[in-house]
Amino acid sequence: MTEPATIPIAAWRFSPRGIAWRLALTAYLVYAIHFATDVAREHYLAASLGEHLSFRVDEYAGLHPDLFETPGRGWHIGNNPGASMLGAIPVAITGPAINWLTEKVRSRRAADTTATAPAFDSPRPNARVFYAKAWRRGLDVKLGLVALVTHLFMMAPMSALFVALLFAVLRQVNRSDRLSAWLALLYAFGTPAFFRTGFLNHNLILAHVAFAGFAVAWNPWRGSWLSERARVLLAGVLGGMCILLDYTGAVMTAGLGLYVCCLGLRRGGWAGFFRAGAGYTLAALGPILLLWFAQYQEFGHPFYPGQHWMPRVAYSTEGFDGFGIPRLDLFLLLIFDLRYGLFVASPMLALGLLAPLYDRGQSRLFPKLEAGTMMGLMLGLWVFCAGIIYTYLQWNAGIRYMIPILPFLFLLMVPVLLRMPARLAAAFVLASVTLSWSLAMYRLVIADLGILDTVIRTFTAGFTLPVLRTLSYTAGQYGDYGSHGVSPLPIFLFVAVCIALIWSRSLSGGGWRRRLDQIRGH
């Protein structure tokens with residue numbers, strides 16, 4: 001079999017670096033305007049860490065069912081702190097501006113003693129209750145700004161940079177810059193990564209981190225400024241971060257560790273196996289120790305997770321908590337449920353299950369070890385999540401638990417998509433992009449038709465953006481401009497023009513400099 005590195009990569013009109021930054025900017029612009037105004041539990045801890053370097057969220061007590069009080073230790077969130085730690089960085093930087101605006105709004109409201117919480121006509125009852133509580137406590141503006149800055153300066157850029165990373169991996173596999181760019185864009189806008197980028201979300205960050213660790217260990221570029229030992233250690237840090245982000249990340253941590261050990265075995269025998277395993281484990285302990293420190297600060301015990309201390313809430317007292325033997329119905333619901341099924345949100349991802357039938361022989365795209373690792377990680381998390389009883393409640397937030405396998409399953413899908421009839425492949429791609437974009441726009445997955453309901457809304461109610469829909473719920477608060485809905489078309493047009501300029505030939509190869517010199521010459 002010919003080594004992939006000996007096959008030249010078909011170049012496109014831009015350099016690989018030029019394609020990568022164009023992909024990142026394109027993804028960022030589209031992700032940025034699809035900002036969802038949802039305030040998740042991670043936002044509260046991000047705000048507290050960014051403002052006070054504290055794990056306590058007493059200021060936000062009672063605003064979210066996953067915030068709870070531990071006697072003598074204050075209020076905390078019932079989730080691992082990794083995503084909030086990352087989100088705290090932009091919050092800390094923009095904190096003075098956020099607090100200044102918040103105090104201005106509070107002062108104005110305090111001057112009006114007759115002011116009452118305005119109407120908020122969201123179709124979600126819990127959203128209406130939350131808005132009223134946050135408004136009365138003067139936290140609506142603050143939390144909205146925290147959600148905005150964590151999206152614009154953390155989630156959107158991270159997802160955009162990941163698109164560039166995926167392109168860098170893909171071009172080494174299929175040896176084509178142009179094809180790899182289109183596939184990277186397909187991942188960006190044809191999978192639930194589009195939906196989950198809308199707000200601070202640990203599941204998608206876990207997908208990014210786990211795949212980055214896999215790519216670092218794999219090193220498909222066959223050459224790097226990182227030594228083999230450095231790659232093992234970096235993969236270990238990223239593997240440990242998977243657990244810092246969420247305990248389901250333990251599957252990814254273990255899988256990556258086994259892969260690193262197998263690479264060590266192939267390169268240096270059993271001595272290499274144990275050396276790689278030791279380096280990976282030592283590096284992974286860093287983020288895990290940080291998790292244990294956070295849990296000790298929050299609950300007084302380093303090893304018990306937040307769910308151990310969290311009191312049962314109304315919707316989890318009827319047997320919907322805990323972990324047990326994987327259930328067949330959950331196994332199927334995770335991919336086929338209309339509200340959160342992975343293959344409902346992106347039908348083309350189902351093709352990844354056929355990878356062993358298509359990606360084989362002399363023409364295979366992925367080496368056996370890497371293909372097996374990706375399939376193992378995907379199946380491992382799938383089985384693991386089928387044993388989490390909370391999966392039955394996933395409808396409350398849409399597709400969530402299966403998000404960490406997105407990049408792995410997407411890569412497995414690529415050889416199947418490329419080798420099937422073109423018209424059938426186009427149908428899968430069109431359906432997936434339509435579903436993903438509709439879900440990113442409307443974000444409502446609680447109706448009887450679930451994800452399909454967002455597509456119906458797109459074709460009947462038209463295009464929208466989440467922040468504009470939220471504005472329409474506040475009819476009358478900002479004049480009559482948003483009471484009948486707000487058109488997203490001017491925003492779409494502006495972004496389309498920006499993207500056209502980004503991909504213009506005049507911006508490549510110093511063309512803009514030459515044109516500027518010509519203007520100066522005249």
# chains A, B, ... in the order shown; residues from 1 in each chain; ligands from 1

$ residues_around --residues "range 260-272 of chain A" --least-positions-apart "4" --cutoff "7 Å" --atoms "only C-alpha atoms" --output "list in words"
Ala217, Val232, Leu256, Ala276 and Gly277 of chain A

$ closest_atom_pairs --of "range 209-273 of chain A" --to "range 80-87 of chain A" --cutoff "6 Å" --atoms "only C-alpha atoms" --output "tab-separated table"
residue	atom	partner	partner_atom	distance
A:Leu244	CA	A:Gly82	CA	5.0
A:Leu245	CA	A:Gly82	CA	4.3
A:Asp246	CA	A:Asn80	CA	5.4

$ closest_residue --among "A:Leu291, A:Val416, A:Met374, A:Val57" --to "Ala355 in chain A" --atoms "only C-alpha atoms"
A:Val416

$ select_by_dssp --residues "range 73-118 of chain A" --states "helix (DSSP H, G or I)" --output "NGL selection string"
:A and (82-111)

$ write_last_selection --atoms "N, CA and C atoms" --output "CSV table (one decimal), in the first residue's frame"
chain,number,residue,atom,x,y,z
A,82,GLY,N,-15.1,22.7,33.9
A,82,GLY,CA,-14.1,23.0,32.9
A,82,GLY,C,-14.6,24.0,31.9
A,83,ALA,N,-15.9,23.9,31.4
A,83,ALA,CA,-16.4,24.8,30.4
A,83,ALA,C,-16.5,26.2,31.1
A,84,SER,N,-16.9,26.3,32.3
A,84,SER,CA,-17.0,27.6,33.0
A,84,SER,C,-15.7,28.2,33.2
A,85,MET,N,-14.6,27.4,33.5
A,85,MET,CA,-13.3,28.0,33.6
A,85,MET,C,-12.8,28.6,32.3
A,86,LEU,N,-13.1,28.0,31.2
A,86,LEU,CA,-12.8,28.6,29.9
A,86,LEU,C,-13.6,29.9,29.6
A,87,GLY,N,-14.9,29.8,29.9
A,87,GLY,CA,-15.8,30.9,29.7
A,87,GLY,C,-15.4,32.1,30.6
A,88,ALA,N,-14.8,31.8,31.8
A,88,ALA,CA,-14.5,32.9,32.7
A,88,ALA,C,-13.4,33.8,32.2
A,89,ILE,N,-12.6,33.4,31.2
A,89,ILE,CA,-11.5,34.2,30.7
A,89,ILE,C,-12.1,35.4,30.0
A,90,PRO,N,-13.0,35.3,29.0
A,90,PRO,CA,-13.6,36.5,28.4
A,90,PRO,C,-14.4,37.3,29.4
A,91,VAL,N,-15.1,36.6,30.3
A,91,VAL,CA,-15.9,37.4,31.3
A,91,VAL,C,-15.0,38.3,32.2
A,92,ALA,N,-13.8,37.7,32.6
A,92,ALA,CA,-12.9,38.5,33.4
A,92,ALA,C,-12.4,39.8,32.6
A,93,ILE,N,-12.1,39.6,31.3
A,93,ILE,CA,-11.6,40.7,30.5
A,93,ILE,C,-12.6,41.7,30.3
A,94,THR,N,-13.9,41.3,30.1
A,94,THR,CA,-14.9,42.3,29.8
A,94,THR,C,-15.7,42.7,31.0
A,95,GLY,N,-15.3,42.1,32.2
A,95,GLY,CA,-16.1,42.3,33.4
A,95,GLY,C,-16.4,43.8,33.8
A,96,PRO,N,-15.4,44.7,33.7
A,96,PRO,CA,-15.7,46.1,34.0
A,96,PRO,C,-16.8,46.7,33.2
A,97,ALA,N,-16.8,46.4,31.9
A,97,ALA,CA,-17.9,46.9,31.0
A,97,ALA,C,-19.2,46.3,31.4
A,98,ILE,N,-19.2,45.0,31.6
A,98,ILE,CA,-20.5,44.3,32.0
A,98,ILE,C,-21.1,44.9,33.3
A,99,ASN,N,-20.2,45.1,34.3
A,99,ASN,CA,-20.7,45.6,35.6
A,99,ASN,C,-21.2,47.1,35.4
A,100,TRP,N,-20.5,47.8,34.6
A,100,TRP,CA,-20.9,49.2,34.4
A,100,TRP,C,-22.3,49.3,33.8
A,101,LEU,N,-22.5,48.5,32.7
A,101,LEU,CA,-23.8,48.5,32.1
A,101,LEU,C,-24.9,48.0,33.0
A,102,THR,N,-24.5,47.0,33.8
A,102,THR,CA,-25.5,46.4,34.7
A,102,THR,C,-25.9,47.4,35.8
A,103,GLU,N,-25.0,48.1,36.3
A,103,GLU,CA,-25.3,49.2,37.3
A,103,GLU,C,-26.1,50.3,36.8
A,104,LYS,N,-25.8,50.7,35.5
A,104,LYS,CA,-26.6,51.7,34.9
A,104,LYS,C,-28.1,51.3,34.8
A,105,VAL,N,-28.3,50.1,34.4
A,105,VAL,CA,-29.7,49.6,34.3
A,105,VAL,C,-30.4,49.5,35.6
A,106,ARG,N,-29.6,49.0,36.6
A,106,ARG,CA,-30.2,48.9,38.0
A,106,ARG,C,-30.6,50.3,38.5
A,107,SER,N,-29.7,51.2,38.3
A,107,SER,CA,-30.0,52.6,38.8
A,107,SER,C,-31.2,53.2,38.2
A,108,ARG,N,-31.4,53.0,36.9
A,108,ARG,CA,-32.5,53.5,36.2
A,108,ARG,C,-33.8,52.9,36.6
A,109,ARG,N,-33.7,51.6,36.9
A,109,ARG,CA,-34.9,50.9,37.4
A,109,ARG,C,-35.3,51.3,38.8
A,110,ALA,N,-34.2,51.5,39.6
A,110,ALA,CA,-34.5,51.9,41.0
A,110,ALA,C,-35.1,53.2,41.1
A,111,ALA,N,-34.9,54.1,40.1
A,111,ALA,CA,-35.5,55.4,40.1
A,111,ALA,C,-37.0,55.4,39.8

$ residues_around --residues "Ala47 in chain A" --least-positions-apart "2" --cutoff "7 Å" --atoms "only C-alpha atoms" --output "VMD selection string"
chain A and resid 43 to 45 49 to 51 88 91 146

$ write_last_selection --atoms "C-alpha atoms" --output "mmCIF file, in the first residue's frame"
data_model
loop_
_atom_site.group_PDB
_atom_site.id
_atom_site.type_symbol
_atom_site.label_atom_id
_atom_site.label_comp_id
_atom_site.auth_asym_id
_atom_site.auth_seq_id
_atom_site.Cartn_x
_atom_site.Cartn_y
_atom_site.Cartn_z
ATOM 1 C CA HIS A 43 -22.712 30.744 32.642
ATOM 2 C CA TYR A 44 -23.291 31.299 36.359
ATOM 3 C CA LEU A 45 -19.995 29.732 37.377
ATOM 4 C CA LEU A 49 -15.025 32.820 38.421
ATOM 5 C CA GLY A 50 -14.465 35.712 36.034
ATOM 6 C CA GLU A 51 -15.574 38.325 38.539
ATOM 7 C CA ALA A 88 -14.477 32.879 32.742
ATOM 8 C CA VAL A 91 -15.862 37.364 31.322
ATOM 9 C CA VAL A 146 -22.129 37.120 30.036
#

$ residues_around --residues "Pro157 in chain A" --least-positions-apart "3" --cutoff "10 Å" --atoms "only C-alpha atoms" --output "number ranges by chain"
A: 24-25, 27-29, 31-32, 150-154, 160-163, 197

$ write_last_selection --atoms "C-alpha atoms" --output "PDB file, in the first residue's frame"
ATOM      1  CA  ALA A  24     -12.027  29.903  10.447  1.00  0.00           C
ATOM      2  CA  LEU A  25     -13.252  33.435   9.645  1.00  0.00           C
ATOM      3  CA  ALA A  27     -17.259  29.777  10.400  1.00  0.00           C
ATOM      4  CA  TYR A  28     -16.796  32.482  13.028  1.00  0.00           C
ATOM      5  CA  LEU A  29     -19.019  34.990  11.241  1.00  0.00           C
ATOM      6  CA  TYR A  31     -21.540  31.135  14.272  1.00  0.00           C
ATOM      7  CA  ALA A  32     -21.413  34.644  15.749  1.00  0.00           C
ATOM      8  CA  THR A 150     -18.703  33.796  26.201  1.00  0.00           C
ATOM      9  CA  HIS A 151     -20.215  33.128  22.798  1.00  0.00           C
ATOM     10  CA  LEU A 152     -18.357  35.776  20.785  1.00  0.00           C
ATOM     11  CA  PHE A 153     -14.989  35.346  22.481  1.00  0.00           C
ATOM     12  CA  MET A 154     -14.928  31.675  23.447  1.00  0.00           C
ATOM     13  CA  ALA A 160     -14.193  28.207  14.130  1.00  0.00           C
ATOM     14  CA  LEU A 161     -10.597  27.226  14.883  1.00  0.00           C
ATOM     15  CA  PHE A 162     -11.700  23.621  15.136  1.00  0.00           C
ATOM     16  CA  VAL A 163     -13.015  23.831  11.562  1.00  0.00           C
ATOM     17  CA  THR A 197     -21.953  26.516  19.288  1.00  0.00           C
TER      18      THR A 197
END

$ atom_distance --atom1 "CA of Phe211 in chain A" --atom2 "CA of Thr253 in chain A"
10.8 Å

$ residues_around --residues "Leu183 in chain A" --least-positions-apart "4" --cutoff "10 Å" --atoms "only C-alpha atoms" --output "VMD selection string"
chain A and resid 163 166 to 167 170 to 171 177 to 179 187 to 188 190 410 to 411 414

$ write_last_selection --atoms "C-alpha atoms" --output "PDB file, in the first residue's frame"
ATOM      1  CA  VAL A 163     -13.015  23.831  11.562  1.00  0.00           C
ATOM      2  CA  LEU A 166     -10.389  19.552  10.787  1.00  0.00           C
ATOM      3  CA  PHE A 167      -9.343  20.914   7.399  1.00  0.00           C
ATOM      4  CA  LEU A 170      -8.649  16.099   6.132  1.00  0.00           C
ATOM      5  CA  ARG A 171      -6.141  17.395   3.573  1.00  0.00           C
ATOM      6  CA  ASP A 177      -7.149  21.132  -0.492  1.00  0.00           C
ATOM      7  CA  ARG A 178     -10.408  22.017  -2.225  1.00  0.00           C
ATOM      8  CA  LEU A 179     -12.279  18.876  -1.184  1.00  0.00           C
ATOM      9  CA  TYR A 187     -18.892  19.695   9.355  1.00  0.00           C
ATOM     10  CA  ALA A 188     -19.324  23.310  10.474  1.00  0.00           C
ATOM     11  CA  GLY A 190     -24.152  20.211   8.514  1.00  0.00           C
ATOM     12  CA  PHE A 410     -17.841  12.748  10.747  1.00  0.00           C
ATOM     13  CA  LEU A 411     -14.401  11.520   9.667  1.00  0.00           C
ATOM     14  CA  VAL A 414     -16.182  10.895   4.786  1.00  0.00           C
TER      15      VAL A 414
END

$ residues_around --residues "range 356-373 of chain A" --least-positions-apart "2" --cutoff "10 Å" --atoms "only C-alpha atoms" --output "ChimeraX atom specification"
/A:1-4,170,172-175,214-215,218,220,255-256,258-259,262-263,351-354,375-379,408,411-420

$ closest_residue --among "A:His64, A:Arg13, A:His34, A:Arg443" --to "Val467 in chain A" --atoms "only C-alpha atoms"
A:His34

$ atom_distance --atom1 "CA of Pro311 in chain A" --atom2 "CA of Pro65 in chain A"
9.8 Å

$ closest_residue --among "A:Trp221, A:Tyr296, A:Phe189, A:Phe343" --to "Arg73 in chain A" --atoms "only C-alpha atoms"
A:Tyr296

$ residues_around --residues "Pro287 in chain A" --least-positions-apart "6" --cutoff "7 Å" --atoms "only C-alpha atoms" --output "mmCIF file with C-alpha atoms, in the first residue's frame"
data_model
loop_
_atom_site.group_PDB
_atom_site.id
_atom_site.type_symbol
_atom_site.label_atom_id
_atom_site.label_comp_id
_atom_site.auth_asym_id
_atom_site.auth_seq_id
_atom_site.Cartn_x
_atom_site.Cartn_y
_atom_site.Cartn_z
ATOM 1 C CA VAL A 237 -3.351 17.152 29.044
ATOM 2 C CA GLY A 240 -7.426 14.967 31.270
ATOM 3 C CA MET A 241 -9.395 18.033 30.210
ATOM 4 C CA LEU A 244 -12.530 18.299 33.752
#

$ atom_distance --atom1 "CA of Phe293 in chain A" --atom2 "CA of Ile403 in chain A"
26.8 Å

$ select_by_dssp --residues "range 33-181 of chain A" --states "strand (DSSP E)" --output "PyMOL selection string"
chain A and resi 67-70+74-77

$ closest_residue --among "A:Ile405, A:Ala184, A:Leu285, A:Met441" --to "Thr470 in chain A" --atoms "only C-alpha atoms"
A:Met441

$ decode --residues "range 261-309 of chain A" --atoms "C-alpha atoms" --output "PDB file, in the first residue's frame"
ATOM      1  CA  CYS A 261      -0.181   3.321  24.319  1.00  0.00           C
ATOM      2  CA  CYS A 262      -0.772   1.451  21.045  1.00  0.00           C
ATOM      3  CA  LEU A 263       1.271   4.057  19.199  1.00  0.00           C
ATOM      4  CA  GLY A 264       4.035   3.596  21.761  1.00  0.00           C
ATOM      5  CA  LEU A 265       3.890  -0.179  21.278  1.00  0.00           C
ATOM      6  CA  ARG A 266       4.206   0.193  17.511  1.00  0.00           C
ATOM      7  CA  ARG A 267       7.170   2.534  17.787  1.00  0.00           C
ATOM      8  CA  GLY A 268       9.093   1.035  20.678  1.00  0.00           C
ATOM      9  CA  GLY A 269       7.665  -2.337  21.688  1.00  0.00           C
ATOM     10  CA  TRP A 270       6.357  -2.976  25.182  1.00  0.00           C
ATOM     11  CA  ALA A 271       8.834  -0.519  26.641  1.00  0.00           C
ATOM     12  CA  GLY A 272       7.345   2.138  24.376  1.00  0.00           C
ATOM     13  CA  PHE A 273       3.837   1.031  25.394  1.00  0.00           C
ATOM     14  CA  PHE A 274       4.458   1.610  29.102  1.00  0.00           C
ATOM     15  CA  ARG A 275       6.534   4.740  28.544  1.00  0.00           C
ATOM     16  CA  ALA A 276       3.755   6.331  26.490  1.00  0.00           C
ATOM     17  CA  GLY A 277       1.123   5.232  29.002  1.00  0.00           C
ATOM     18  CA  ALA A 278       3.064   6.710  31.909  1.00  0.00           C
ATOM     19  CA  GLY A 279       3.616  10.025  30.138  1.00  0.00           C
ATOM     20  CA  TYR A 280      -0.027  10.266  29.087  1.00  0.00           C
ATOM     21  CA  THR A 281      -1.294   9.442  32.593  1.00  0.00           C
ATOM     22  CA  LEU A 282       1.050  11.901  34.285  1.00  0.00           C
ATOM     23  CA  ALA A 283      -0.027  14.719  31.969  1.00  0.00           C
ATOM     24  CA  ALA A 284      -3.732  13.851  32.308  1.00  0.00           C
ATOM     25  CA  LEU A 285      -3.470  14.144  36.091  1.00  0.00           C
ATOM     26  CA  GLY A 286      -3.012  17.918  35.808  1.00  0.00           C
ATOM     27  CA  PRO A 287      -6.592  18.765  34.720  1.00  0.00           C
ATOM     28  CA  ILE A 288      -7.980  15.958  36.891  1.00  0.00           C
ATOM     29  CA  LEU A 289      -6.255  17.408  39.960  1.00  0.00           C
ATOM     30  CA  LEU A 290      -7.772  20.772  39.067  1.00  0.00           C
ATOM     31  CA  LEU A 291     -11.198  19.102  39.016  1.00  0.00           C
ATOM     32  CA  TRP A 292     -10.590  17.531  42.413  1.00  0.00           C
ATOM     33  CA  PHE A 293      -9.448  20.903  43.777  1.00  0.00           C
ATOM     34  CA  ALA A 294     -12.637  22.538  42.501  1.00  0.00           C
ATOM     35  CA  GLN A 295     -14.821  19.811  44.030  1.00  0.00           C
ATOM     36  CA  TYR A 296     -13.008  20.170  47.358  1.00  0.00           C
ATOM     37  CA  GLN A 297     -13.553  23.922  47.320  1.00  0.00           C
ATOM     38  CA  GLU A 298     -17.219  23.499  46.468  1.00  0.00           C
ATOM     39  CA  PHE A 299     -18.276  20.529  48.561  1.00  0.00           C
ATOM     40  CA  GLY A 300     -15.455  19.739  50.967  1.00  0.00           C
ATOM     41  CA  HIS A 301     -14.631  16.435  49.274  1.00  0.00           C
ATOM     42  CA  PRO A 302     -12.357  16.119  46.216  1.00  0.00           C
ATOM     43  CA  PHE A 303     -13.705  12.913  44.691  1.00  0.00           C
ATOM     44  CA  TYR A 304     -17.488  13.148  44.776  1.00  0.00           C
ATOM     45  CA  PRO A 305     -19.009  14.998  41.789  1.00  0.00           C
ATOM     46  CA  GLY A 306     -21.575  17.747  42.052  1.00  0.00           C
ATOM     47  CA  GLN A 307     -24.392  15.315  41.226  1.00  0.00           C
ATOM     48  CA  HIS A 308     -23.614  13.477  44.467  1.00  0.00           C
ATOM     49  CA  TRP A 309     -24.488  16.562  46.519  1.00  0.00           C
TER      50      TRP A 309
END
